[in-house]
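First comes the structure, then the notes that go with it.
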Protein chains: 4
Amino acid sequence: MRIGVLTSGGDCPGLNAVIRSVVHRAVVDHGDEVVGFRDGWRGLLEGDHRPLGLEDVAGILATGGTILGSSRVQPAQLRDGVERAKEHVVGLGIDAVIPIGGEGTLKAARLLSDAGLPVVGVPKTIDNDITSTDVTFGFDTAVGVATDALDRLKTTAESHQRVLIVEVMGRHTGWIALNSGMAAGAHAIVVPERPFDIEELTEVVGKRFADGKRFAIVVVAEGAKPREGTMAFETGGTDVYGHERFAGVARQLAVELEQRLGKEARPVILGHVQRGGTPSAYDRVLATRFGWHAVEAAHRKEFGMMTALRGNDITLVPLADAVEQLKTVPEDRYAEVECVL
Amino acid sequence: MRIGVLTSGGDCPGLNAVIRSVVHRAVVDHGDEVVGFRDGWRGLLEGDHRPLGLEDVAGILATGGTILGSSRVQPAQLRDGVERAKEHVVGLGIDAVIPIGGEGTLKAARLLSDAGLPVVGVPKTIDNDITSTDVTFGFDTAVGVATDALDRLKTTAESHQRVLIVEVMGRHTGWIALNSGMAAGAHAIVVPERPFDIEELTEVVGKRFADGKRFAIVVVAEGAKPREGTMAFETGGTDVYGHERFAGVARQLAVELEQRLGKEARPVILGHVQRGGTPSAYDRVLATRFGWHAVEAAHRKEFGMMTALRGNDITLVPLADAVEQLKTVPEDRYAEVECVL
Amino acid sequence: MRIGVLTSGGDCPGLNAVIRSVVHRAVVDHGDEVVGFRDGWRGLLEGDHRPLGLEDVAGILATGGTILGSSRVQPAQLRDGVERAKEHVVGLGIDAVIPIGGEGTLKAARLLSDAGLPVVGVPKTIDNDITSTDVTFGFDTAVGVATDALDRLKTTAESHQRVLIVEVMGRHTGWIALNSGMAAGAHAIVVPERPFDIEELTEVVGKRFADGKRFAIVVVAEGAKPREGTMAFETGGTDVYGHERFAGVARQLAVELEQRLGKEARPVILGHVQRGGTPSAYDRVLATRFGWHAVEAAHRKEFGMMTALRGNDITLVPLADAVEQLKTVPEDRYAEVECVL
Amino acid sequence: MRIGVLTSGGDCPGLNAVIRSVVHRAVVDHGDEVVGFRDGWRGLLEGDHRPLGLEDVAGILATGGTILGSSRVQPAQLRDGVERAKEHVVGLGIDAVIPIGGEGTLKAARLLSDAGLPVVGVPKTIDNDITSTDVTFGFDTAVGVATDALDRLKTTAESHQRVLIVEVMGRHTGWIALNSGMAAGAHAIVVPERPFDIEELTEVVGKRFADGKRFAIVVVAEGAKPREGTMAFETGGTDVYGHERFAGVARQLAVELEQRLGKEARPVILGHVQRGGTPSAYDRVLATRFGWHAVEAAHRKEFGMMTALRGNDITLVPLADAVEQLKTVPEDRYAEVECVL
C-alpha cells in the first residue's frame with residue numbers, strides 16, 4: 001500500500017508523533033510505503049512530496065512542530081483544487097491519504113472524500129473543539145502550558161496585590177480557559193460561549209477583595225466577547241503603521257477592571273507558547289494511537305472516516321459527523337466551576 | 001449537611017485537589033460543614049478529626065500529598081472496625097463519608113456501605129487499575145514523571161551505548177509502563193499482565209543492535225515476572241541486616257540482558273518520585289471534578305457509589321462493581337505497541 | 001538580637017527563600033527574634049509588622065512571591081520617611097534591618113544606613129543589573145522560564161515559516177535577552193544597551209531566509225530602542241479609554257520586519273511569568289546563602305553593606321558601591337554571541 | 001585552521017552545546033574546518049572521525065547526550081597511546097584538539113599536551129569536582145533534576161510519615177547533595193567529604209520526630225561512607241548471578257535508620273536521570289561560552305590550557321593546575337547548612 005500523509009493548519013504538539021506512528025505502523029508492520037506532502041494541502045495540490053522512511057521519523061516523537069511543514073491553504077480555495085488533488089493522488093499511486101488537521105482540514109478532507117479520494121482524517125486542535133472525539137491531541141499540552149503559567153502568575157499577583165487577566169487560546173470555545181482555570185484555581189473564567197457582562201465580572205472579582213483577599217486571577221479565552229450592549233469593545237483599529245491592531249480582550253478587560261475596582265489590573269497574553277514545543281505524555285500517546293488506527297482504517301478501506309477517542313478506545317467516526325459543528329463547553333461543565341461567568 | 005472526608009493508602013498527586021473541591025462545593029455552594037479524618041481510616045476508627053473550612057484548603061490545589069495524612073489501616077483489620085466507624089459517624093453527626101483511595105480503600109468503603117453507612121467513594125490510584133472509571137487521577141502525573149525521566153535517560157543510553165532497564169510503578173498492571181513507554185518511544189515494554197520470556201526480550205533488544213543501533217530502552221513495570229520456568233528469579237532474600245531485600249526486577253533484567261547481549265546494561269528504578277509532588281493539570285481537573293460530584297451524590301443520597309470518569313462525563317458507579325477485579329491492560333492495547341512483549 | 005526583614009519592589013523568585021533563611025539562621029542558630037515588615041518599606045514606615053518564627057516560614061522555600069507582601073513605596077518619597085523609619089526601628093527594638101530588594105530598595109537602604117540605621121541589604125532583581133554581585137537570585141529562574149518558552153516557540157515558528165519576535169524582561173539591561181537568547185539559539189538578540197538599526201536587523205534575519213531557512217526567532221528586551229533617527233517608534237499613546245498604551249517593542253518590530261521581509265512576523269510578549277512562581281534550584285541556593293550571610297553580617301555589626309556573590313563565595317560589599325550604576329552587558333559578552341546586534 | 005573535537009567520559013548535559021559552539025565559532029567566524037572524533041579518545045587513537053559542518057550541529061543545542069558518542073577509553077591505557085594520537089593529529093592535519101571531558105579526560109589532555117600536541121581542554125562533569133573553574137556545565141542540570149525529585153518526594157514522605165533517603169550522584173564530592181539538599185530544604189545531607197556517624201545521623205533525624213514533625217528527607221551522595229568503625233557497611237558482594245551487587249548507601253542507611261528510629265525509612269536512588277537530557281539554560285550558556293573560548297584559545301595558540309569560569313568571565317587555566325586535585329566542598333559551605341553532618 002502507498003500512504004500519503006500531510007499536516008495542515010496551526011501548529012499543535014503531537015503532529016510529529018502522528019507522522020512517526022503512521023510510518024512505523026505502515027512500514028514495519030504492513031510493509032507499506034509512505035510519502036509526506038509538504039506544507040499541508042499545498043503539497044498535495046502541487047504534488048510536492050517526499051518519501052518517509054523509519055530514519056526520517058527517528059527522534060521526532062517528542063519534538064514540537066511538524067517535519068512536513070504546514071500551511072493554511074485549503075483545496076476549496078482553488079477552483080480546481082479537488083481535481084488537482086485527485087490528479088496527484090492517482091499520479092503518485094497513493095492508496096490512502098491521511099490528512100492531520102483541525103476543523104478546516106477535516107472539512108477539506110470530507111470534500112475530497114466525497115469526490116472519491118481515499119481519505120482517513122486525524123483530528124488535531126489545541127482548542128479541543130472537534131465533536132465526535134472526546135479530546136484531540138495538543139489540548140492537554142496547551143492546558144499544561146497555560147496552567148504552569150498561571151501557577152507562576154499567582155504568586156506575582158499576590159505579592160503585588162493585583163488583578164491579573166490572563167488570555168489563553170480559544171477563539172470560539174473555552175476549553176483551554178476552563179481546564180487551565182480549574183487546574184490553577186482561577187477566580188473567574190471568561191469563555192466565548194458565554195458573552196460576559198463587565199459589571200458581573202467586576203462584582204465577582206470585587207467580592208474577593210471585599211472578603212479580604214489581596215489579588216485575583218481572571219482567565220479569559222481570546223475569543224471572549226462582552227454581552228451585547230454592555231461595554232465599549234475595541235475590535236481592532238489600526239496603529240501608526242496603518243496595520244490592524246490586535247484587539248486583545250485581556251488588555252481591554254484590564255483597563256475596565258482597574259477602572260471599576262480601583263485595583264491595579266494587568267493583562268498577560270500567553271500566545272504561541274501554548275501551541276508549540278514538546279507534547280505532554282498524554283498527547284504523545286493519543287497522537288501515536290491515532291496514527292496507528294488511521295493506518296489500520298486505510299488497510300480496511302474505511303475511508304471518509306476520522307479517528308476519534310471514546311473513553312479509552314480509539315474508534316472511527318464519519319468525517320461528515322465530525323465537522324458539523326464545533327464542540328463547545330456544555331452547560332453542566334460550567335456548573336462544576338463556581339467561577340465561570 | 002455534615003460531610004466527613006478522608007484519604008487512605010499510598011500517596012497520589014491530586015488528593016489535596018479532591019479535598020479542596022469537596023470543601024469548596026460543600027461549604028460555599030451548599031452551606032455544609034466538612035470535617036477531615038486524620039490518617040485515613042485510622043482517623044475514622046478513632047474519631048480523630050478536624051474541621052475543614054475554606055482557609056484550611058487555601059493554596060493546596062497544586063500541592064502533592066494530603067493535608068489529612070494517610071495510612072494503610074483498613075477497617076476490616078479490626079474485629080470491631082465497622083462498629084467503631086459507625087459509632088463515630090453517628091456520634092459526630094456525619095451525614096456522608098467521602099473516602100478517597102485505591103482498591104483497598106474502596107473495598108473498605110463498600111464494607112461500610114453494606115453495613116449501612118452513607119458512603120460515596122472517590123477512586124484514587126496512580127496505577128490506573130480500577131475498573132468502572134476510564135482513568136483515575138494521579139495516573140497522568142505518574143506517566144508524565146516517568147516519561148520525563150525516560151526522555152532524559154534516552155540521551156544517556158545513546159551516548160554510552162547502553163541498554164537501560166527502567167523500572168516504573170505497577171505491581172499488578174502495566175498501565176504506567178505502557179503509556180510512558182509509548183510516550184517516550186521505548187524499545188521494549190514489559191508488563192505484569194504478560195509474564196516475559198527472557199530469551200524473547202533478548203531477541204527484541206538484540207535486533208536493535210543487529211540493525212546498527214547503539215542503545216536500547218526497556219521499560220519494565222515493577223510487578224513484571226518471568227514466564228514460569230524460563231529464568232532464575234530472585235524474589236527477595238535477606239541482606240546483611242537480615243532484612244528483606246527488594247527483588248528489583250530491573251536489576252535482575254540488567255544482569256540477564258548484559259550477560260546475553262554482551263552489552264552494558266544498567267537498571268534505573270524511578271521509585272517514589274512517580275507518586276509525589278504537584279499534580280498535572282489533567283489530574284487537578286479530574287480530582288476537582290470528582291470532589292464536586294461526590295458532594296452532589298451525597299446531597300442526592302446516592303450512597304454506596306463511587307465517582308467515575310466515562311468519556312468526558314463524571315458519573316456514579318456502584319462500589320460493588322468497582323472493586324470486583326483490577327483493570328488490566330486489554331489485549332488490543334498491546335497490539336498498538338509493537339514493542340510490548 | 002532582634003532582626004527586621006522586608007521585601008520591596010517587583011516580584012522575584014527566591015524572596016521567600018531569603019526570608020526563610022534569615023529566620024532559620026537567626027532563630028535556630030543565634031536564638032534571635034525576627035519580625036517581618038508588611039509590604040516593603042510601607043511596613044517599616046508605618047510600623048506594620050508581624051513576628052516571624054519557624055512555623056511561619058515552613059514550606060515556603062520553593063514558593064514564589066513573598067509572604068511579607070511588597071510595594072513600590074520608597075522612604076525618600078516621604079518628607080519625613082527617614083525619621084519615621086528610625087522611630088519604628090528604635091520603638092520596636094530592632095537591632096538590624098534586612099531589606100531585600102532591587103536598585104531602588106538598595107538606594108533607600110543606603111539612605112537609611114547613612115542616617116544611622118543598622119542595615120544589611122540583600123540584592124534582588126530578575127534583571128541581574130546590580131553591580132558588585134556576579135548575579136542576583138531570580139535571574140536564573142527568569143532566564144529559565146524565557147528559555148523554556150523560546151524552546152516551545154521555535155517549533156511553531158518553523159512549522160509556520162514565521163519570524164517570531166519574543167519580548168523578554170529588561171528595561172535597562174539585556175541580561176535576560178542575552179542569556180535566554182544564547183540558551184535557545186536565537187537568531188538575533190536586541191538589547192537596550194545597543195540601540196538597534198531596523199535595517200541591520202532586517203538584514204540579519206533576511207540572510208537566514210536567503211540561506212534557505214524558513215523561520216527566525218528574534219529575542220528582544222522590553223527596553224530595546226531604535227537607534228536615533230532610524231525608525232518611527234511609538235512610545236505609548238492612549239487607547240479608547242484614554243489610558244496609556246503599552247508601547248510594546250515586539251509588536252512594533254513585528255510590523256516593521258513583516259513589511260521589510262515579506263514574511264509573516266508575530267510578536268510574543270512573555271510578561272509576568274518571568275518573575276513569578278517557584279525559583280530554580282540555583283536561585284534557591286543563592287537566596288538561602290544570601291539570607292544566612294545577611295544574618296551573620298548583622299551579628300558582626302557590618303552595617304551599610306550588602307551581600308554579594310563573587311565566584312563561589314558570598315561576600316559583603318558597601319551599599320554605596322552597589323547602587324552607583326547599573327550593571328550592563330559588557331562588550332566582550334556581545335562578541336561571544338554572533339547574533340547580538 | 002583545522003580543529004578536532006571529541007567528548008569523553010560519562011554523559012553530561014551540555015556536551016552538544018559545546019560541540020555546536022565550537023563549530024559555529026570556528027566555521028562561521030574563522031572559516032575553519034572542524035572534525036569530530038567518534039567515541040572520545042577511541043576516535044582519536046584510531047583516527048575515526050567525521051567532518052562537522054553547520055548542518056551537523058543544527059538543532060542540538062538543547063539536546064542531551066553527544067552526537068559524537070563517548071567512551072571511557074584513555075590514551076594512557078595503551079602502551080603507544082600518545083604516539084598513535086600524534087600520528088592521527090599530524091596525519092589529519094589537525095591544528096588544535098579540543099577534548100571535552102572530566103578529570104580523567106583532562107589528565108589525558110595534559111599528557112598529550114606535554115607530548116607536544118596542540119590541546120585546549122573543556123572541563124565537563126556533573127559532579128562539579130574540577131578545581132580552577134567555579135563551576136562546570138552539567139552540574140546545574142543535575143542539581144535541578146535532583147531538586148525537582150526532592151520536591152516531589154517531600155510530599156510523599158509527609159503523607160506517609162516516612163524517612164526518605166535520597167541518593168544523588170557524587171562519588172568523591174558532595175556538591176550535588178549539598179546544593180539539591182539546600183534547594184529542597186532537606187533535613188540532613190550526607191557527603192563523601194565527611195564520613196558519617198550513623199548515631200549522629202539518627203539523632204538529627206530523630207530530633208525532628210521528637211519536635212512533632214512526621215517525616216524527614218535525607219540527601220546522601222552515592223560516595224558517602226560511614227566513619228571508620230561506626231557501622232557495618234556492605235561494599236558490594238555478589239548476587240545469585242555471581243555479579244557484583246551495587247552497594248547502595250541509601251539502601252543501607254534506610255535499614256539502619258528504620259531500625260534505630262522505629263520509623264519507616266525508604267531509599268530512593270535517582271541514578272542516571274541526573275546526567276541525561278536537555279541541559280538547563282544555565283548549562284547551555286556556560287557550555288556555549290566554553291566552546292567559543294576554546295576556539296579563540298586555539299587561534300591564539302594558547303595550548304595546554306583549559307577553559308574555566310571565574311565569576312562572570314571565561315578564562316584559561318593551565319591543564320596542569322586543573323587536575324591536581326578534586327574540588328571538594330570547603331568547610332565554610334558546611335557551616336551555611338545546618339543539616340550537613
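Quick note on naming: the chains in the C-alpha cells go A, B, ... in the order shown, residues restart at 1 in each chain, and ligands are numbered from 1 in order of appearance.
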Can you list, as a list of chain:residue names, all residues belonging to range 142-303 of chain D that DSSP tags as strand (DSSP E or B)?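 Those in range 142-303 of chain D that DSSP calls strand (DSSP E or B) are D:Val163, D:Leu164, D:Ile165, D:Val166, D:Glu167, D:Val168, D:Ala188, D:Ile189, D:Val190, D:Phe196, D:Ala216, D:Ile217, D:Val218, D:Val219, D:Val220, D:Ala221, D:Pro226, D:Thr238, D:Glu244, D:Ala265, D:Arg266, D:Pro267, D:Val268, D:Ile269.
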Export of the given selection (N, CA and C atoms) as a PDB file, in the first residue's frame:
ATOM      1  N   VAL D 163      10.704   8.387  56.611  1.00  0.00           N
ATOM      2  CA  VAL D 163      12.014   8.944  56.318  1.00  0.00           C
ATOM      3  C   VAL D 163      12.381   8.482  54.910  1.00  0.00           C
ATOM      4  N   LEU D 164      12.685   9.416  54.028  1.00  0.00           N
ATOM      5  CA  LEU D 164      13.167   9.031  52.699  1.00  0.00           C
ATOM      6  C   LEU D 164      14.647   9.362  52.602  1.00  0.00           C
ATOM      7  N   ILE D 165      15.415   8.360  52.157  1.00  0.00           N
ATOM      8  CA  ILE D 165      16.854   8.542  51.990  1.00  0.00           C
ATOM      9  C   ILE D 165      17.089   8.632  50.497  1.00  0.00           C
ATOM     10  N   VAL D 166      17.450   9.803  50.017  1.00  0.00           N
ATOM     11  CA  VAL D 166      17.544  10.011  48.574  1.00  0.00           C
ATOM     12  C   VAL D 166      19.009  10.078  48.160  1.00  0.00           C
ATOM     13  N   GLU D 167      19.398   9.105  47.336  1.00  0.00           N
ATOM     14  CA  GLU D 167      20.796   9.027  46.916  1.00  0.00           C
ATOM     15  C   GLU D 167      21.000   9.781  45.610  1.00  0.00           C
ATOM     16  N   VAL D 168      21.893  10.770  45.647  1.00  0.00           N
ATOM     17  CA  VAL D 168      22.210  11.537  44.444  1.00  0.00           C
ATOM     18  C   VAL D 168      23.645  11.232  44.011  1.00  0.00           C
ATOM     19  N   ALA D 188      18.717  16.438  56.417  1.00  0.00           N
ATOM     20  CA  ALA D 188      20.097  16.027  56.660  1.00  0.00           C
ATOM     21  C   ALA D 188      20.758  15.799  55.314  1.00  0.00           C
ATOM     22  N   ILE D 189      22.027  16.154  55.227  1.00  0.00           N
ATOM     23  CA  ILE D 189      22.785  15.980  53.985  1.00  0.00           C
ATOM     24  C   ILE D 189      24.067  15.242  54.325  1.00  0.00           C
ATOM     25  N   VAL D 190      24.320  14.165  53.619  1.00  0.00           N
ATOM     26  CA  VAL D 190      25.489  13.344  53.913  1.00  0.00           C
ATOM     27  C   VAL D 190      26.405  13.326  52.689  1.00  0.00           C
ATOM     28  N   PHE D 196      30.202   9.745  57.731  1.00  0.00           N
ATOM     29  CA  PHE D 196      29.125   9.991  58.690  1.00  0.00           C
ATOM     30  C   PHE D 196      29.157   9.016  59.859  1.00  0.00           C
ATOM     31  N   ALA D 216      10.941  13.006  57.304  1.00  0.00           N
ATOM     32  CA  ALA D 216      12.263  13.608  57.120  1.00  0.00           C
ATOM     33  C   ALA D 216      12.825  13.184  55.779  1.00  0.00           C
ATOM     34  N   ILE D 217      13.595  14.089  55.192  1.00  0.00           N
ATOM     35  CA  ILE D 217      14.277  13.819  53.930  1.00  0.00           C
ATOM     36  C   ILE D 217      15.778  13.883  54.185  1.00  0.00           C
ATOM     37  N   VAL D 218      16.463  12.786  53.883  1.00  0.00           N
ATOM     38  CA  VAL D 218      17.917  12.755  53.990  1.00  0.00           C
ATOM     39  C   VAL D 218      18.490  12.652  52.579  1.00  0.00           C
ATOM     40  N   VAL D 219      19.351  13.589  52.215  1.00  0.00           N
ATOM     41  CA  VAL D 219      20.023  13.513  50.912  1.00  0.00           C
ATOM     42  C   VAL D 219      21.427  12.962  51.133  1.00  0.00           C
ATOM     43  N   VAL D 220      21.765  11.944  50.376  1.00  0.00           N
ATOM     44  CA  VAL D 220      23.067  11.327  50.574  1.00  0.00           C
ATOM     45  C   VAL D 220      23.770  11.152  49.225  1.00  0.00           C
ATOM     46  N   ALA D 221      25.008  11.606  49.155  1.00  0.00           N
ATOM     47  CA  ALA D 221      25.800  11.401  47.937  1.00  0.00           C
ATOM     48  C   ALA D 221      26.168   9.929  47.833  1.00  0.00           C
ATOM     49  N   PRO D 226      30.528   5.551  55.996  1.00  0.00           N
ATOM     50  CA  PRO D 226      30.466   5.731  57.459  1.00  0.00           C
ATOM     51  C   PRO D 226      31.859   6.022  58.026  1.00  0.00           C
ATOM     52  N   THR D 238      28.098 -10.266  46.055  1.00  0.00           N
ATOM     53  CA  THR D 238      27.584 -10.785  44.781  1.00  0.00           C
ATOM     54  C   THR D 238      26.157 -11.275  44.939  1.00  0.00           C
ATOM     55  N   GLU D 244      28.603  -8.568  40.898  1.00  0.00           N
ATOM     56  CA  GLU D 244      28.744  -7.636  41.997  1.00  0.00           C
ATOM     57  C   GLU D 244      27.430  -6.918  42.265  1.00  0.00           C
ATOM     58  N   ALA D 265      11.532   3.795  56.864  1.00  0.00           N
ATOM     59  CA  ALA D 265      12.525   4.543  56.076  1.00  0.00           C
ATOM     60  C   ALA D 265      12.676   3.846  54.735  1.00  0.00           C
ATOM     61  N   ARG D 266      12.717   4.624  53.658  1.00  0.00           N
ATOM     62  CA  ARG D 266      12.771   4.050  52.319  1.00  0.00           C
ATOM     63  C   ARG D 266      13.856   4.729  51.505  1.00  0.00           C
ATOM     64  N   PRO D 267      14.614   3.948  50.731  1.00  0.00           N
ATOM     65  CA  PRO D 267      15.633   4.538  49.864  1.00  0.00           C
ATOM     66  C   PRO D 267      15.047   4.922  48.511  1.00  0.00           C
ATOM     67  N   VAL D 268      15.548   5.982  47.932  1.00  0.00           N
ATOM     68  CA  VAL D 268      15.245   6.343  46.544  1.00  0.00           C
ATOM     69  C   VAL D 268      16.576   6.676  45.883  1.00  0.00           C
ATOM     70  N   ILE D 269      16.862   6.009  44.772  1.00  0.00           N
ATOM     71  CA  ILE D 269      18.147   6.210  44.105  1.00  0.00           C
ATOM     72  C   ILE D 269      17.892   6.884  42.769  1.00  0.00           C
TER      73      ILE D 269
END
Neighbours of chain B in chain C at 12 Å, counting only C-alpha atoms, as a PyMOL selection string: chain C and resi 59-60+62-63+278
If I take CA of Ile314 in chain A and CA of Val18 in chain A, how far is one from the other in Å, to one decimal? 13.8 Å
Measuring between only C-alpha atoms, which one of B:Leu112, B:Leu178, B:Ile3, B:Val35 shows the shortest distance to Arg333 in chain B?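 Of the candidates, the smallest distance to Arg333 in chain B is held by B:Leu178.
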For range 48-54 of chain D, find every residue with an atom within 9 Å (counting only C-alpha atoms), except residues of its own chain fewer than 4 positions away, and show them as a list in words. Gly4, Arg20, Val23, His24, Val27, Val28, Glu33, Val34, Val35, Gly36, Phe37, Arg38, Asp39, Arg42, Gly43, Leu44, Ala58 and Leu68 of chain D
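Here CA of Glu258 in chain C stands at a distance of 26.7 Å from CA of Glu55 in chain D.
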Range 215-309 of chain A: residues DSSP assigns to alpha helix (DSSP H), reported as a PyMOL selection string: chain A and resi 249-261+281-299
Using only C-alpha atoms, can you tell me which of D:Val191, D:Ile198, D:Met305, D:Ala183 comes closest to Leu286 in chain C?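 Distance minimum relative to Leu286 in chain C lands on D:Ala183.
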For CA of Leu150 in chain A and CA of Thr131 in chain A, determine how far apart the two atoms are, in Å to one decimal place. 27.6 Å
Surrounding residues of Gly311 in chain C excluding itself and chain neighbours under 5 positions, 12 Å, only C-alpha atoms, as an NGL selection string: (:C and (132-135 or 286)) or (:D and (132-135 or 308-314))
With only C-alpha atoms as the basis for distance, which of B:Val119, B:Asp140, B:Ser113, B:Gly65 is at the shortest distance from Lys301 in chain B?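 Closest to Lys301 in chain B, using only C-alpha atoms: B:Val119.
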